[in-house]
>>> print(open('model20.cif').read())   # mmCIF, C-alpha atoms
data_model
loop_
_atom_site.label_atom_id
_atom_site.label_comp_id
_atom_site.auth_asym_id
_atom_site.auth_seq_id
_atom_site.Cartn_x
_atom_site.Cartn_y
_atom_site.Cartn_z
CA MET H 1 -27.66 -7.24 4.90
CA THR H 2 -24.47 -9.21 5.36
CA THR H 3 -21.19 -7.36 5.27
CA ARG H 4 -17.80 -8.97 4.86
CA LEU H 5 -15.15 -7.73 7.28
CA ILE H 6 -11.50 -8.31 6.41
CA TYR H 7 -8.56 -7.80 8.76
CA PHE H 8 -4.87 -7.38 8.04
CA ALA H 9 -1.53 -7.45 9.86
CA TRP H 10 -1.76 -7.08 13.67
CA VAL H 11 -5.48 -6.34 13.52
CA ARG H 12 -5.95 -9.80 11.95
CA GLU H 13 -3.59 -11.45 14.45
CA ARG H 14 -5.28 -9.90 17.48
CA ILE H 15 -8.86 -10.63 16.35
CA GLY H 16 -7.77 -14.14 15.38
CA VAL H 17 -9.57 -14.43 12.05
CA ALA H 18 -8.71 -13.05 8.61
CA GLU H 19 -12.29 -12.33 7.65
CA GLU H 20 -15.88 -12.84 8.71
CA ASP H 21 -19.39 -12.09 7.52
CA VAL H 22 -21.51 -10.10 9.94
CA ASP H 23 -25.04 -8.78 10.10
CA LEU H 24 -24.67 -5.24 11.31
CA PRO H 25 -27.22 -4.18 13.90
CA THR H 26 -29.37 -1.18 13.12
CA GLY H 27 -27.86 2.08 14.22
CA ILE H 28 -24.40 1.32 12.86
CA GLU H 29 -24.13 4.11 10.32
CA THR H 30 -20.53 5.17 10.11
CA VAL H 31 -17.11 3.56 10.24
CA ALA H 32 -16.69 4.99 13.76
CA ASP H 33 -19.96 3.27 14.82
CA LEU H 34 -18.70 0.00 13.36
CA LEU H 35 -15.40 0.20 15.25
CA ARG H 36 -17.21 0.95 18.51
CA TRP H 37 -19.59 -2.02 18.01
CA LEU H 38 -16.81 -4.42 17.02
CA LYS H 39 -14.77 -3.43 20.05
CA SER H 40 -17.59 -4.63 22.30
CA ARG H 41 -17.67 -8.11 20.75
CA GLY H 42 -15.03 -9.67 22.98
CA GLU H 43 -11.52 -9.57 24.35
CA GLU H 44 -9.82 -10.14 21.00
CA TYR H 45 -11.69 -7.25 19.40
CA GLU H 46 -11.05 -5.05 22.42
CA HIS H 47 -7.34 -5.82 22.11
CA ALA H 48 -7.23 -5.16 18.34
CA LEU H 49 -9.30 -1.98 18.44
CA GLN H 50 -8.08 -0.55 21.74
CA TYR H 51 -6.98 2.64 19.98
CA PRO H 52 -9.56 3.07 17.22
CA ASP H 53 -7.92 6.28 15.98
CA VAL H 54 -4.95 4.39 14.56
CA ILE H 55 -7.09 1.89 12.64
CA ARG H 56 -7.29 2.52 8.89
CA VAL H 57 -10.39 1.47 7.04
CA ALA H 58 -11.25 0.70 3.42
CA ILE H 59 -14.77 0.26 2.07
CA ASN H 60 -15.05 -1.77 -1.13
CA GLN H 61 -11.25 -1.52 -1.44
CA GLU H 62 -10.98 2.28 -1.17
CA HIS H 63 -9.58 4.24 1.79
CA VAL H 64 -12.21 6.06 3.85
CA GLU H 65 -12.31 8.30 6.92
CA HIS H 66 -13.96 7.17 10.15
CA ARG H 67 -16.89 9.53 9.59
CA GLU H 68 -17.77 7.80 6.29
CA LYS H 69 -21.21 6.17 6.07
CA ILE H 70 -21.09 2.42 5.57
CA ALA H 71 -24.48 1.93 3.89
CA GLY H 72 -24.07 -0.31 0.84
CA ALA H 73 -20.62 -1.58 1.81
CA ARG H 74 -20.02 -5.14 0.60
CA GLU H 75 -16.53 -5.35 2.01
CA ILE H 76 -14.99 -3.39 4.86
CA ALA H 77 -11.32 -3.86 5.69
CA LEU H 78 -9.62 -2.85 8.95
CA PHE H 79 -5.87 -2.57 9.18
CA PRO H 80 -2.95 -0.72 10.81
CA PRO H 81 -1.17 2.16 9.06
CA MET H 82 0.51 0.78 5.97
CA THR H 83 4.23 0.01 5.79
CA GLY H 84 4.83 -0.98 2.18
CA GLY H 85 7.25 0.51 -0.30
CA MET J 1 2.71 12.21 -28.61
CA THR J 2 1.59 8.62 -28.74
CA GLY J 3 -1.57 9.12 -26.71
CA ALA J 4 -2.32 8.70 -23.04
CA VAL J 5 0.15 6.69 -21.00
CA VAL J 6 -1.22 3.46 -19.60
CA PRO J 7 0.66 2.72 -16.36
CA VAL J 8 1.90 -0.81 -15.78
CA VAL J 9 1.06 -1.95 -12.25
CA ARG J 10 2.03 -5.38 -10.98
CA ILE J 11 1.73 -7.02 -7.56
CA GLN J 12 3.72 -10.23 -7.47
CA ALA J 13 5.61 -12.64 -5.24
CA GLN J 14 8.49 -13.16 -7.65
CA ASP J 15 11.44 -10.85 -8.17
CA PHE J 16 11.67 -8.35 -11.02
CA ASP J 17 14.48 -7.34 -13.38
CA VAL J 18 15.12 -3.59 -13.15
CA ALA J 19 16.99 -3.37 -16.48
CA ALA J 20 14.28 -5.33 -18.28
CA GLU J 21 11.56 -3.09 -16.87
CA ILE J 22 13.41 0.05 -18.00
CA ALA J 23 13.96 -1.46 -21.46
CA ARG J 24 10.27 -2.29 -21.71
CA LEU J 25 9.39 1.40 -21.33
CA THR J 26 11.98 2.76 -23.74
CA GLN J 27 12.24 0.05 -26.41
CA GLY J 28 11.46 1.25 -29.92
CA ARG J 29 10.90 4.85 -28.86
CA ALA J 30 12.89 7.95 -29.73
CA ASP J 31 10.80 10.52 -27.87
CA ILE J 32 11.85 9.67 -24.31
CA GLY J 33 14.62 11.85 -22.91
CA ALA J 34 14.64 10.81 -19.26
CA VAL J 35 14.09 7.63 -17.28
CA VAL J 36 14.12 7.51 -13.49
CA SER J 37 13.99 4.23 -11.62
CA PHE J 38 13.72 3.69 -7.89
CA SER J 39 14.16 0.28 -6.31
CA GLY J 40 13.44 -0.42 -2.68
CA LEU J 41 15.40 -3.30 -1.16
CA CYS J 42 15.16 -5.32 2.02
CA ARG J 43 17.84 -4.28 4.58
CA ASP J 44 19.33 -6.69 7.13
CA GLU J 45 19.31 -4.03 9.89
CA GLN J 46 22.93 -4.65 10.96
CA GLY J 47 22.52 -8.39 10.64
CA THR J 48 19.53 -8.66 12.99
CA LEU J 49 16.92 -9.31 10.29
CA SER J 50 16.62 -12.58 8.37
CA ALA J 51 13.61 -11.64 6.24
CA LEU J 52 10.63 -9.36 5.82
CA GLU J 53 7.19 -10.84 5.31
CA LEU J 54 5.00 -8.56 3.25
CA GLU J 55 1.29 -9.00 3.73
CA HIS J 56 -1.00 -7.28 1.23
CA TYR J 57 -4.67 -6.74 0.48
CA PRO J 58 -5.21 -8.54 -2.83
CA GLY J 59 -7.36 -6.52 -5.18
CA MET J 60 -7.04 -3.28 -3.26
CA ALA J 61 -3.23 -3.27 -3.57
CA GLU J 62 -3.52 -3.25 -7.38
CA ALA J 63 -6.42 -0.78 -7.33
CA GLU J 64 -4.72 1.67 -4.97
CA ILE J 65 -1.40 1.68 -6.83
CA ALA J 66 -3.33 2.13 -10.10
CA ARG J 67 -5.10 5.16 -8.56
CA ILE J 68 -1.75 6.63 -7.47
CA ALA J 69 -0.25 5.95 -10.92
CA ALA J 70 -3.22 7.57 -12.64
CA GLU J 71 -2.73 10.68 -10.51
CA ALA J 72 0.98 10.81 -11.43
CA VAL J 73 0.11 10.56 -15.14
CA GLU J 74 -2.33 13.41 -14.71
CA ARG J 75 0.14 15.66 -12.84
CA TRP J 76 3.29 15.16 -14.90
CA PRO J 77 3.87 14.82 -18.67
CA LEU J 78 4.99 11.19 -18.51
CA GLN J 79 5.69 8.91 -21.44
CA GLY J 80 5.79 5.73 -19.40
CA LEU J 81 5.21 4.51 -15.84
CA THR J 82 5.78 1.14 -14.22
CA ALA J 83 5.13 0.27 -10.57
CA ILE J 84 5.84 -3.20 -9.20
CA HIS J 85 5.41 -4.24 -5.57
CA ARG J 86 6.30 -7.66 -4.23
CA HIS J 87 4.59 -9.57 -1.44
CA GLY J 88 5.50 -12.64 0.61
CA LYS J 89 8.82 -13.43 2.28
CA ILE J 90 11.72 -11.30 1.09
CA ALA J 91 15.35 -11.79 2.19
CA PRO J 92 17.84 -8.97 2.88
CA GLY J 93 19.37 -7.76 -0.38
CA GLU J 94 16.29 -8.66 -2.41
CA ASN J 95 14.04 -6.20 -4.22
CA ILE J 96 10.74 -5.11 -2.68
CA VAL J 97 9.43 -2.33 -4.89
CA LEU J 98 10.18 -0.71 -8.23
CA VAL J 99 9.00 2.54 -9.77
CA VAL J 100 10.08 3.56 -13.27
CA THR J 101 9.02 6.83 -14.88
CA ALA J 102 9.84 8.11 -18.36
CA SER J 103 9.43 11.62 -19.74
CA ALA J 104 10.88 14.01 -22.30
CA HIS J 105 12.78 16.00 -19.65
CA ARG J 106 14.22 14.83 -16.35
CA GLN J 107 12.22 16.93 -13.89
CA ALA J 108 8.88 15.25 -14.59
CA ALA J 109 10.40 11.77 -14.29
CA PHE J 110 12.21 12.62 -11.02
CA GLU J 111 9.21 14.27 -9.40
CA ALA J 112 6.71 11.64 -10.49
CA ALA J 113 8.92 8.80 -9.18
CA ASN J 114 9.30 10.61 -5.85
CA PHE J 115 5.55 11.23 -5.63
CA LEU J 116 4.78 7.59 -6.45
CA MET J 117 7.05 6.30 -3.69
CA ASP J 118 5.71 8.73 -1.08
CA TYR J 119 2.15 7.71 -1.87
CA LEU J 120 2.95 4.00 -2.13
CA LYS J 121 4.42 4.08 1.36
CA SER J 122 1.46 5.77 3.00
CA ARG J 123 -1.51 4.46 0.93
CA ALA J 124 -0.75 1.11 -0.71
CA PRO J 125 -2.14 -1.69 1.51
CA PHE J 126 1.05 -3.58 2.42
CA TRP J 127 2.36 -4.43 5.88
CA LYS J 128 5.87 -5.59 6.76
CA LYS J 129 6.57 -8.14 9.47
CA GLU J 130 10.13 -8.79 10.60
CA HIS J 131 11.74 -12.19 10.90
CA ARG J 132 14.73 -11.93 13.24
CA ALA J 133 18.10 -13.51 12.51
CA ASP J 134 18.27 -15.02 16.04
CA GLY J 135 15.05 -16.95 15.39
CA SER J 136 12.91 -14.91 17.79
CA GLU J 137 9.62 -13.60 16.52
CA GLY J 138 9.84 -10.14 15.04
CA GLY J 139 7.10 -7.59 15.18
CA TRP J 140 5.16 -5.61 12.62
CA VAL J 141 7.11 -2.67 11.26
CA GLU J 142 5.64 0.56 12.57
CA ALA J 143 4.53 3.24 10.16
CA LYS J 144 6.67 6.36 10.23
CA GLU J 145 5.11 9.74 10.67
CA ALA J 146 7.78 11.06 8.31
CA ASP J 147 6.29 8.96 5.51
CA ASP J 148 2.87 10.54 6.00
CA GLU J 149 4.47 13.96 6.01
CA ALA J 150 6.37 13.13 2.83
CA ALA J 151 3.11 12.19 1.13
CA GLY J 152 1.43 15.32 2.48
CA ARG J 153 3.84 17.69 0.76
CA TRP J 154 2.38 16.71 -2.64
CA LYS J 155 -1.07 17.97 -1.73
CA SER J 156 -1.81 21.05 -3.78
CA SER J 157 -2.59 24.11 -1.71
CA ASP J 158 -5.23 25.44 -4.12
#
>>> encode(input="model20.cif", output="structure tokens")
Amino acid sequence: MTTRLIYFAWVRERIGVAEEDVDLPTGIETVADLLRWLKSRGEEYEHALQYPDVIRVAINQEHVEHREKIAGAREIALFPPMTGG
Amino acid sequence: MTGAVVPVVRIQAQDFDVAAEIARLTQGRADIGAVVSFSGLCRDEQGTLSALELEHYPGMAEAEIARIAAEAVERWPLQGLTAIHRHGKIAPGENIVLVVTASAHRQAAFEAANFLMDYLKSRAPFWKKEHRADGSEGGWVEAKEADDEAAGRWKSSD
């Protein structure tokens, strides 16, 4: 199944694309698994996800914790802590 | 009572008119006794900042603020609620965000507005990038731990 990944702010700048569609390999079950896999995809990803703990994640436009399962996710967004308001 | 309050949530590039937004909530009503409005503006940081660029997550920004507004309506006896957040390039002195709450008595309106702003800051998907006055590239504004703590104090202990 294809999953759309969307990046914002410095995560987007460091990875170098705003979004991409990926086929997740088997074994990627949680958000933490996804971050670990992404980080291994190249220098840009390594740079963006160097400190995975600070990365915030939303699945289908709702905030989730890193232990959340990603089965059925159409859209997963990765971004830094928010600074609106 | 005129039934459940339907919060007004808007995400927009253009500016908003604070007085007009307050009037929209109170017009034609005689049951509202208190209106609180909070506006957040862009600061120039002692002249060093020429603009803030606000990036947002379209779709989720609306959805998340609507979720926060729905929680406020559930927790306080509100008679009206408006939340507006701008995106794009915003110059010092311009508006960024507006929260308006209306209730019969002041406490609910004050507390709900405070709650909305604390949650907006830590949960609404917006990111600020600085444009420096000297033309050099500014960085992304860093999230403050104090903002997370401010949001945390609204968690019920039960």
>>> residues_around(input="model20.cif", residues="region 13-19 of chain H", least_positions_apart="4", cutoff="7 Å", atoms="only C-alpha atoms", output="VMD selection string")
chain H and resid 5 to 9 44 to 45 47 to 48
>>> write_last_selection(input="model20.cif", atoms="C-alpha atoms", output="PDB file, keeping the file's coordinate frame")
ATOM      1  CA  LEU H   5     -15.150  -7.730   7.280  1.00  0.00           C
ATOM      2  CA  ILE H   6     -11.500  -8.310   6.410  1.00  0.00           C
ATOM      3  CA  TYR H   7      -8.560  -7.800   8.760  1.00  0.00           C
ATOM      4  CA  PHE H   8      -4.870  -7.380   8.040  1.00  0.00           C
ATOM      5  CA  ALA H   9      -1.530  -7.450   9.860  1.00  0.00           C
ATOM      6  CA  GLU H  44      -9.820 -10.140  21.000  1.00  0.00           C
ATOM      7  CA  TYR H  45     -11.690  -7.250  19.400  1.00  0.00           C
ATOM      8  CA  HIS H  47      -7.340  -5.820  22.110  1.00  0.00           C
ATOM      9  CA  ALA H  48      -7.230  -5.160  18.340  1.00  0.00           C
TER      10      ALA H  48
END
>>> resolve_selection(input="model20.cif", expression="the PyMOL selection byres ((chain H) within 7 of (chain J))", output="MDAnalysis selection string")
chainID H and resid 9 61 81:85
>>> closest_residue(input="model20.cif", among="H:Gln50, H:Thr30, H:Ser40, H:Thr3", to="Ala77 (chain H)", atoms="all atoms listed in the file")
H:Thr3
>>> atom_distance(input="model20.cif", atom1="CA of Thr101 (chain J)", atom2="CA of Phe16 (chain J)")
15.9 Å
>>> residues_around(input="model20.cif", residues="Arg67 (chain H)", least_positions_apart="5", cutoff="9 Å", atoms="only C-alpha atoms", output="list of chain:residue names")
H:Thr30, H:Val31, H:Ala32, H:Asp33
>>> residues_around(input="model20.cif", residues="Lys69 (chain H)", least_positions_apart="3", cutoff="12 Å", atoms="only C-alpha atoms", output="PyMOL selection string")
chain H and resi 27-34+57-59+64-66+72-73+76
>>> axis_aligned_box(input="model20.cif", around="region 131-145 of chain J", padding_each_side="3 Å", output="lines of an AutoDock Vina configuration file")
center_x = 11.4
center_y = -3.6
center_z = 14.0
size_x = 19.7
size_y = 32.7
size_z = 13.6
>>> atom_distance(input="model20.cif", atom1="CA of Gln46 (chain J)", atom2="CA of Ala91 (chain J)")
13.6 Å
>>> atom_distance(input="model20.cif", atom1="CA of Phe38 (chain J)", atom2="CA of Asn114 (chain J)")
8.5 Å
>>> resolve_selection(input="model20.cif", expression="the PyMOL selection byres ((chain J and resi 90) around 9)", output="list in words")
Ala13, Cys42, Ser50, Ala51, Leu52, Glu53, Leu54, Arg86, His87, Gly88, Lys89, Ala91, Pro92, Gly93, Glu94, Asn95 and Ile96 of chain J
>>> resolve_selection(input="model20.cif", expression="the PyMOL selection byres ((chain H and resi 54) around 9)", output="list in words")
Leu49, Tyr51, Pro52, Asp53, Ile55, Arg56, Phe79, Pro80 and Pro81 of chain H
>>> closest_residue(input="model20.cif", among="H:Arg36, H:Arg41, H:His63, H:Arg12", to="Glu75 (chain H)", atoms="all atoms listed in the file")
H:His63
>>> residues_around(input="model20.cif", residues="Gly33 (chain J)", least_positions_apart="2", cutoff="12 Å", atoms="all atoms listed in the file", output="list in words")
Leu25, Thr26, Arg29, Ala30, Asp31, Val35, Val36, Pro77, Leu78, Gln79, Gly80, Thr101, Ala102, Ser103, Ala104, His105, Arg106, Gln107, Ala108 and Ala109 of chain J
>>> residues_around(input="model20.cif", residues="Leu49 (chain J)", least_positions_apart="2", cutoff="7 Å", atoms="all atoms listed in the file", output="tab-separated table (two decimals) with C-alpha atoms, in the coordinates of the input")
chain	number	residue	atom	x	y	z
J	44	ASP	CA	19.33	-6.69	7.13
J	45	GLU	CA	19.31	-4.03	9.89
J	47	GLY	CA	22.52	-8.39	10.64
J	51	ALA	CA	13.61	-11.64	6.24
J	130	GLU	CA	10.13	-8.79	10.60
J	131	HIS	CA	11.74	-12.19	10.90
J	132	ARG	CA	14.73	-11.93	13.24
J	133	ALA	CA	18.10	-13.51	12.51
>>> closest_residue(input="model20.cif", among="H:Thr2, H:Gly42, H:Leu35, H:Leu24", to="Glu68 (chain H)", atoms="all atoms listed in the file")
H:Leu35
>>> build_atoms(input="model20.cif", residues="region 62-78 of chain J", atoms="N, CA and C atoms", output="PDB file, in the frame of the given file")
ATOM      1  N   GLU J  62      -3.573  -3.615  -5.963  1.00  0.00           N
ATOM      2  CA  GLU J  62      -3.520  -3.250  -7.380  1.00  0.00           C
ATOM      3  C   GLU J  62      -4.302  -1.955  -7.628  1.00  0.00           C
ATOM      4  N   ALA J  63      -5.532  -1.920  -7.084  1.00  0.00           N
ATOM      5  CA  ALA J  63      -6.420  -0.780  -7.330  1.00  0.00           C
ATOM      6  C   ALA J  63      -5.829   0.513  -6.790  1.00  0.00           C
ATOM      7  N   GLU J  64      -5.255   0.457  -5.586  1.00  0.00           N
ATOM      8  CA  GLU J  64      -4.720   1.670  -4.970  1.00  0.00           C
ATOM      9  C   GLU J  64      -3.486   2.168  -5.713  1.00  0.00           C
ATOM     10  N   ILE J  65      -2.601   1.255  -6.092  1.00  0.00           N
ATOM     11  CA  ILE J  65      -1.400   1.680  -6.830  1.00  0.00           C
ATOM     12  C   ILE J  65      -1.817   2.215  -8.206  1.00  0.00           C
ATOM     13  N   ALA J  66      -2.835   1.616  -8.811  1.00  0.00           N
ATOM     14  CA  ALA J  66      -3.330   2.130 -10.100  1.00  0.00           C
ATOM     15  C   ALA J  66      -3.892   3.538  -9.935  1.00  0.00           C
ATOM     16  N   ARG J  67      -4.567   3.801  -8.807  1.00  0.00           N
ATOM     17  CA  ARG J  67      -5.100   5.160  -8.560  1.00  0.00           C
ATOM     18  C   ARG J  67      -3.958   6.153  -8.403  1.00  0.00           C
ATOM     19  N   ILE J  68      -2.903   5.745  -7.683  1.00  0.00           N
ATOM     20  CA  ILE J  68      -1.750   6.630  -7.470  1.00  0.00           C
ATOM     21  C   ILE J  68      -1.045   6.880  -8.808  1.00  0.00           C
ATOM     22  N   ALA J  69      -0.910   5.823  -9.610  1.00  0.00           N
ATOM     23  CA  ALA J  69      -0.250   5.950 -10.920  1.00  0.00           C
ATOM     24  C   ALA J  69      -1.050   6.866 -11.828  1.00  0.00           C
ATOM     25  N   ALA J  70      -2.371   6.734 -11.794  1.00  0.00           N
ATOM     26  CA  ALA J  70      -3.220   7.570 -12.640  1.00  0.00           C
ATOM     27  C   ALA J  70      -3.065   9.045 -12.255  1.00  0.00           C
ATOM     28  N   GLU J  71      -2.912   9.302 -10.947  1.00  0.00           N
ATOM     29  CA  GLU J  71      -2.730  10.680 -10.510  1.00  0.00           C
ATOM     30  C   GLU J  71      -1.382  11.230 -11.000  1.00  0.00           C
ATOM     31  N   ALA J  72      -0.354  10.388 -10.964  1.00  0.00           N
ATOM     32  CA  ALA J  72       0.980  10.810 -11.430  1.00  0.00           C
ATOM     33  C   ALA J  72       0.923  11.160 -12.915  1.00  0.00           C
ATOM     34  N   VAL J  73       0.223  10.340 -13.691  1.00  0.00           N
ATOM     35  CA  VAL J  73       0.110  10.560 -15.140  1.00  0.00           C
ATOM     36  C   VAL J  73      -0.623  11.871 -15.420  1.00  0.00           C
ATOM     37  N   GLU J  74      -1.579  12.186 -14.535  1.00  0.00           N
ATOM     38  CA  GLU J  74      -2.330  13.410 -14.710  1.00  0.00           C
ATOM     39  C   GLU J  74      -1.490  14.641 -14.357  1.00  0.00           C
ATOM     40  N   ARG J  75      -0.610  14.494 -13.333  1.00  0.00           N
ATOM     41  CA  ARG J  75       0.140  15.660 -12.840  1.00  0.00           C
ATOM     42  C   ARG J  75       1.406  15.958 -13.619  1.00  0.00           C
ATOM     43  N   TRP J  76       2.040  14.936 -14.190  1.00  0.00           N
ATOM     44  CA  TRP J  76       3.290  15.160 -14.900  1.00  0.00           C
ATOM     45  C   TRP J  76       3.196  14.633 -16.340  1.00  0.00           C
ATOM     46  N   PRO J  77       3.901  15.271 -17.270  1.00  0.00           N
ATOM     47  CA  PRO J  77       3.870  14.820 -18.670  1.00  0.00           C
ATOM     48  C   PRO J  77       4.751  13.578 -18.855  1.00  0.00           C
ATOM     49  N   LEU J  78       4.215  12.431 -18.466  1.00  0.00           N
ATOM     50  CA  LEU J  78       4.990  11.190 -18.510  1.00  0.00           C
ATOM     51  C   LEU J  78       4.765  10.448 -19.827  1.00  0.00           C
TER      52      LEU J  78
END
